[in-house]
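Participant: Just one file: input_12.csv, with CSV, C-alpha atoms.
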```csv
chain,number,residue,atom,x,y,z
A,1,MET,CA,-23.2,5.8,17.7
A,2,SER,CA,-26.3,3.7,17.8
A,3,ASP,CA,-26.1,0.1,18.9
A,4,TYR,CA,-25.8,-2.1,15.8
A,5,ARG,CA,-25.6,-5.9,15.5
A,6,ASN,CA,-22.1,-7.3,15.2
A,7,ASP,CA,-20.7,-7.5,11.7
A,8,SER,CA,-19.7,-11.1,10.8
A,9,ASN,CA,-18.8,-10.2,7.3
A,10,ARG,CA,-15.3,-9.0,8.0
A,11,SER,CA,-12.7,-9.6,5.3
A,12,HIS,CA,-9.6,-11.6,5.8
A,13,HIS,CA,-6.6,-11.6,3.5
A,14,SER,CA,-5.6,-15.2,4.0
A,15,GLY,CA,-5.7,-17.9,1.3
A,16,SER,CA,-8.8,-19.5,3.0
A,17,ARG,CA,-12.2,-19.6,1.5
A,18,GLY,CA,-14.7,-16.9,2.4
A,19,ARG,CA,-18.4,-17.2,3.3
A,20,GLY,CA,-20.2,-20.0,1.6
A,21,GLY,CA,-17.0,-21.6,0.3
A,22,HIS,CA,-16.4,-18.6,-2.1
A,23,PRO,CA,-12.9,-17.1,-2.4
A,24,PRO,CA,-12.5,-14.0,-0.1
A,25,ARG,CA,-13.4,-10.7,-1.7
A,26,ARG,CA,-10.5,-8.5,-2.8
A,27,GLY,CA,-10.6,-4.8,-2.0
A,28,ILE,CA,-9.2,-1.8,-3.8
A,29,PRO,CA,-5.5,-1.6,-2.8
A,30,LEU,CA,-4.2,1.6,-1.2
A,31,SER,CA,-1.9,1.9,-4.3
A,32,GLU,CA,-4.9,2.8,-6.4
A,33,LEU,CA,-5.8,5.8,-4.2
A,34,ASP,CA,-4.2,9.2,-4.5
A,35,PRO,CA,-0.8,9.0,-2.8
A,36,THR,CA,-1.3,12.3,-1.1
A,37,LEU,CA,-4.6,10.9,0.4
A,38,THR,CA,-3.0,7.8,1.7
A,39,SER,CA,-0.1,9.8,3.1
A,40,ILE,CA,-2.5,12.0,5.1
A,41,SER,CA,-4.5,8.9,6.2
A,42,HIS,CA,-1.3,7.3,7.5
A,43,LYS,CA,-0.5,10.5,9.4
A,44,VAL,CA,-3.9,10.4,11.1
A,45,ILE,CA,-3.5,6.7,11.9
A,46,GLY,CA,-0.1,7.6,13.5
A,47,CYS,CA,-1.9,10.3,15.6
A,48,ALA,CA,-4.5,7.7,16.6
A,49,ARG,CA,-1.8,5.2,17.5
A,50,ASP,CA,-0.1,7.8,19.7
A,51,VAL,CA,-3.4,8.6,21.5
A,52,HIS,CA,-4.1,4.9,22.0
A,53,MET,CA,-0.6,4.2,23.3
A,54,ALA,CA,-0.9,7.0,25.8
A,55,LEU,CA,-4.5,6.4,27.0
A,56,GLY,CA,-5.2,2.7,26.3
A,57,GLY,CA,-8.8,1.5,26.2
A,58,GLY,CA,-11.6,2.2,28.6
A,59,TYR,CA,-12.6,5.8,28.1
A,60,ASP,CA,-15.6,7.5,26.6
A,61,GLU,CA,-15.5,8.3,22.9
A,62,SER,CA,-15.4,12.0,23.6
A,63,VAL,CA,-12.0,11.6,25.4
A,64,TYR,CA,-10.5,9.9,22.4
A,65,MET,CA,-12.0,12.5,20.1
A,66,THR,CA,-10.5,15.4,22.1
A,67,ALA,CA,-7.1,13.7,22.4
A,68,LEU,CA,-7.0,12.8,18.7
A,69,GLN,CA,-7.9,16.4,17.7
A,70,GLN,CA,-5.1,17.7,20.0
A,71,GLU,CA,-2.6,15.3,18.5
A,72,MET,CA,-3.6,16.1,14.9
A,73,ARG,CA,-3.2,19.9,15.7
A,74,ALA,CA,0.2,19.2,17.1
A,75,GLN,CA,1.1,17.2,13.9
A,76,GLY,CA,-0.2,19.9,11.6
A,77,VAL,CA,-3.2,17.9,10.3
A,78,ASN,CA,-6.1,20.2,9.3
A,79,PHE,CA,-9.6,19.0,10.2
A,80,LYS,CA,-13.2,20.0,10.9
A,81,ALA,CA,-14.9,18.4,13.8
A,82,ASN,CA,-18.6,17.5,13.7
A,83,HIS,CA,-18.8,18.6,10.0
A,84,SER,CA,-22.2,18.8,8.4
A,85,ILE,CA,-22.5,17.1,5.0
A,86,PRO,CA,-25.6,18.0,2.9
A,87,VAL,CA,-27.6,15.0,1.7
A,88,LYS,CA,-29.1,15.4,-1.7
A,89,TYR,CA,-31.9,13.7,-3.5
A,90,LYS,CA,-32.6,14.7,-7.2
A,91,ASP,CA,-30.2,17.7,-6.7
A,92,GLN,CA,-32.2,19.0,-3.7
A,93,VAL,CA,-30.8,19.0,-0.1
A,94,VAL,CA,-33.1,16.7,1.9
A,95,GLY,CA,-31.1,16.7,5.1
A,96,HIS,CA,-27.6,16.7,6.6
A,97,SER,CA,-25.3,14.0,8.1
A,98,ILE,CA,-22.7,14.9,10.7
A,99,CYS,CA,-19.3,13.3,10.4
A,100,ASP,CA,-16.9,13.2,13.4
A,101,LEU,CA,-13.9,14.5,11.5
A,102,LEU,CA,-13.4,15.8,8.0
A,103,ILE,CA,-9.6,15.6,7.4
A,104,GLU,CA,-7.9,18.1,5.1
A,105,ASP,CA,-11.2,18.3,3.1
A,106,ARG,CA,-10.1,14.9,1.7
A,107,PHE,CA,-11.6,12.1,3.9
A,108,ILE,CA,-13.8,11.3,6.9
A,109,VAL,CA,-12.8,9.7,10.2
A,110,ASP,CA,-15.4,8.2,12.5
A,111,VAL,CA,-14.2,7.8,16.1
A,112,MET,CA,-15.5,5.0,18.3
A,113,ALA,CA,-14.9,3.6,21.7
A,114,ALA,CA,-17.0,0.4,21.7
A,115,TYR,CA,-16.0,-3.1,23.0
A,116,ARG,CA,-17.1,-4.9,19.8
A,117,ASP,CA,-16.2,-5.1,16.1
A,118,VAL,CA,-17.1,-2.3,13.8
A,119,SER,CA,-20.6,-3.2,12.5
A,120,GLY,CA,-22.0,-3.2,9.0
A,121,GLY,CA,-24.3,-0.4,10.0
A,122,GLU,CA,-21.4,1.8,11.0
A,123,ARG,CA,-19.6,1.0,7.7
A,124,SER,CA,-22.8,1.8,5.7
A,125,THR,CA,-23.2,5.1,7.5
A,126,LEU,CA,-19.7,6.1,6.7
A,127,ARG,CA,-20.1,4.9,3.1
A,128,ALA,CA,-23.2,7.1,2.8
A,129,GLN,CA,-21.4,10.1,4.2
A,130,LEU,CA,-18.6,9.5,1.6
A,131,LYS,CA,-21.1,9.4,-1.2
A,132,SER,CA,-22.8,12.6,0.0
A,133,ALA,CA,-19.5,14.4,0.4
A,134,ASP,CA,-18.1,13.0,-2.9
A,135,LEU,CA,-15.0,11.7,-1.1
A,136,GLU,CA,-13.0,8.5,-1.8
A,137,LEU,CA,-11.9,7.4,1.7
A,138,GLY,CA,-13.1,7.0,5.2
A,139,LEU,CA,-11.6,5.5,8.3
A,140,ILE,CA,-13.4,4.1,11.4
A,141,ILE,CA,-11.1,4.2,14.4
A,142,ASN,CA,-12.3,2.2,17.4
A,143,PHE,CA,-10.1,3.0,20.4
A,144,ALA,CA,-11.7,0.5,22.7
A,145,GLY,CA,-9.6,-2.6,21.8
A,146,ARG,CA,-6.3,-3.7,23.3
A,147,LEU,CA,-4.6,-3.1,19.9
A,148,LEU,CA,-5.6,-0.1,17.8
A,149,LYS,CA,-4.9,-2.0,14.6
A,150,ASP,CA,-7.9,-4.3,15.4
A,151,GLY,CA,-10.2,-1.3,15.5
A,152,LEU,CA,-9.1,0.4,12.2
A,153,VAL,CA,-11.3,-0.1,9.2
A,154,ARG,CA,-11.0,1.6,5.8
A,155,VAL,CA,-14.2,2.3,3.9
A,156,LEU,CA,-14.2,3.3,0.3
A,157,ASN,CA,-16.6,5.2,-2.0
A,158,VAL,CA,-16.2,2.8,-4.9
A,159,ASP,CA,-18.4,4.9,-7.2
A,160,LYS,CA,-16.0,7.9,-6.8
A,161,ILE,CA,-12.9,5.7,-7.3
A,162,ASN,CA,-14.4,4.1,-10.4
A,163,ALA,CA,-15.5,7.4,-11.8
A,164,ALA,CA,-12.0,8.7,-11.5
A,165,LYS,CA,-10.9,5.7,-13.6
A,166,GLY,CA,-13.6,6.4,-16.2
A,167,ILE,CA,-15.7,3.4,-15.1
A,168,THR,CA,-19.4,4.2,-15.0
A,169,PRO,CA,-21.9,2.2,-13.0
A,170,GLY,CA,-23.2,0.7,-16.2
A,171,ASP,CA,-19.8,-0.6,-17.2
A,172,HIS,CA,-20.0,-3.6,-14.8
A,173,HIS,CA,-22.5,-6.3,-14.1
A,174,GLU,CA,-24.9,-6.4,-11.2
A,175,GLY,CA,-23.1,-7.9,-8.2
A,176,ASP,CA,-19.6,-6.9,-9.3
A,177,ASP,CA,-19.6,-4.3,-6.5
A,178,ALA,CA,-19.2,-7.1,-4.1
A,179,MET,CA,-15.7,-7.7,-5.5
A,180,TYR,CA,-14.6,-4.2,-5.0
A,181,ASP,CA,-16.9,-2.5,-2.5
A,182,PHE,CA,-15.6,-3.8,0.8
A,183,ASP,CA,-14.0,-2.5,3.8
A,184,GLU,CA,-10.7,-3.8,5.2
A,185,LYS,CA,-8.5,-3.2,8.2
A,186,ALA,CA,-6.7,0.1,7.5
```
Taking this structure as input, can you express it in the form of structure tokens?

Facilitator:
Amino acid sequence: MSDYRNDSNRSHHSGSRGRGGHPPRRGIPLSELDPTLTSISHKVIGCARDVHMALGGGYDESVYMTALQQEMRAQGVNFKANHSIPVKYKDQVVGHSICDLLIEDRFIVDVMAAYRDVSGGERSTLRAQLKSADLELGLIINFAGRLLKDGLVRVLNVDKINAAKGITPGDHHEGDDAMYDFDEKA
């Protein structure tokens, strides 16, 4: 991926105050997502953990991508690599975005191997792909860190989740998205 600036807006789930003295934002809990979707995502995270434990950090992204695909095949996880997602504007396709992995036609995984935190740019790219593909969930998995859990980020398509609940964009006030549209460690 391109080089983005570091994201200093990471969320923390402690009782401390967030940026500017405001309480930390709350995300949508996993319990509000389809249980089948969360089960599949946990299986993929388990595959990533196995790859990370075997290889550790230090390799190129393509090594982790190949190993993760091999492990997912072994675990019976269906996926499409380098999947093209049509991008529409006013019901017309204006381009395509390529996601690293489309898992079970249900969610997107972005694989990284960068010695830095996942940036806001990478989160925004995944969120845009989720909206174009009309999917709820995406995972960014950064294999470069010492601990895989430090490189796991869950990204949500809040519009899709709210639509499933019958909440339309006009049903909330401007700025309310900040309460719900946030990414957290997976």

Participant: Under the rule that only C-alpha atoms are counted, which of A:Leu55, A:Val87, A:Ala48, A:Leu101 is the nearest residue to A:Glu71?

Facilitator: A:Ala48

Participant: What does the structure give for the distance between atom CA of A:Asn162 and atom CA of A:Pro35, in Å to one decimal?

Facilitator: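 That distance, rounded to one decimal, is 16.3 Å.
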
Participant: State, in Å with one decimal place, the distance from atom CA of A:His83 to atom CA of A:Lys131.

Facilitator: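 Atom-to-atom, atom CA of A:His83 to atom CA of A:Lys131, that is 14.7 Å.
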
Participant: Could you tell me how far atom CA of A:Ile141 sits from atom CA of A:Ala163, in Å to one decimal place?

Facilitator: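 Distance reported for this atom pair: 26.8 Å.
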
Participant: Taking all atoms listed in the file into account, name the residue in A:Ala81, A:Ala54, A:Lys165, A:Ile45 that is nearest to A:Leu152.

Facilitator: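 The answer is A:Ile45, which sits nearest to A:Leu152.
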
Participant: Could you check the closest approach to A:Phe143 for each of A:Ala67, A:Ile40, A:Ala114, A:Ile103 and tell me which residue wins, using all atoms listed in the file?

Facilitator: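 Answer, going by the shortest atom-to-atom distance: A:Ala114.
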
Participant: Excluding stretch 94-98 of chain A and any residue of its chain fewer than 2 positions from it, enumerate the residues within 7 Å of it, using only C-alpha atoms, and give them as a ChimeraX atom specification.

Facilitator: /A:82-89,92,100,129

Participant: Here is a test: counting all atoms listed in the file, which residue of A:Asp60, A:Asp50, A:Asp150, A:Glu32 is nearest to A:Ala113?

Facilitator: A:Asp60

Participant: Give the answer as one residue: which of A:Ser31, A:Ser62, A:Asn157, A:Ser41 has the shortest atom-to-atom distance to A:Thr125, using all atoms listed in the file?

Facilitator: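 So, comparing all the options, the nearest one is A:Asn157.
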
Participant: I'd like the neighbourhood of A:Leu37 as a PyMOL selection string, where a residue qualifies if any of its atoms comes within 8 Å (using only C-alpha atoms), though same-chain residues fewer than 4 positions away should be ignored.

Facilitator: chain A and resi 33+41+106-107

Participant: Taking into account all atoms listed in the file, which residue in the set A:Ala74, A:Cys47, A:Ile28, A:Val118 is nearest to A:Leu156?

Facilitator: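 When distances to A:Leu156 are compared using all atoms listed in the file, the smallest one comes from A:Ile28.
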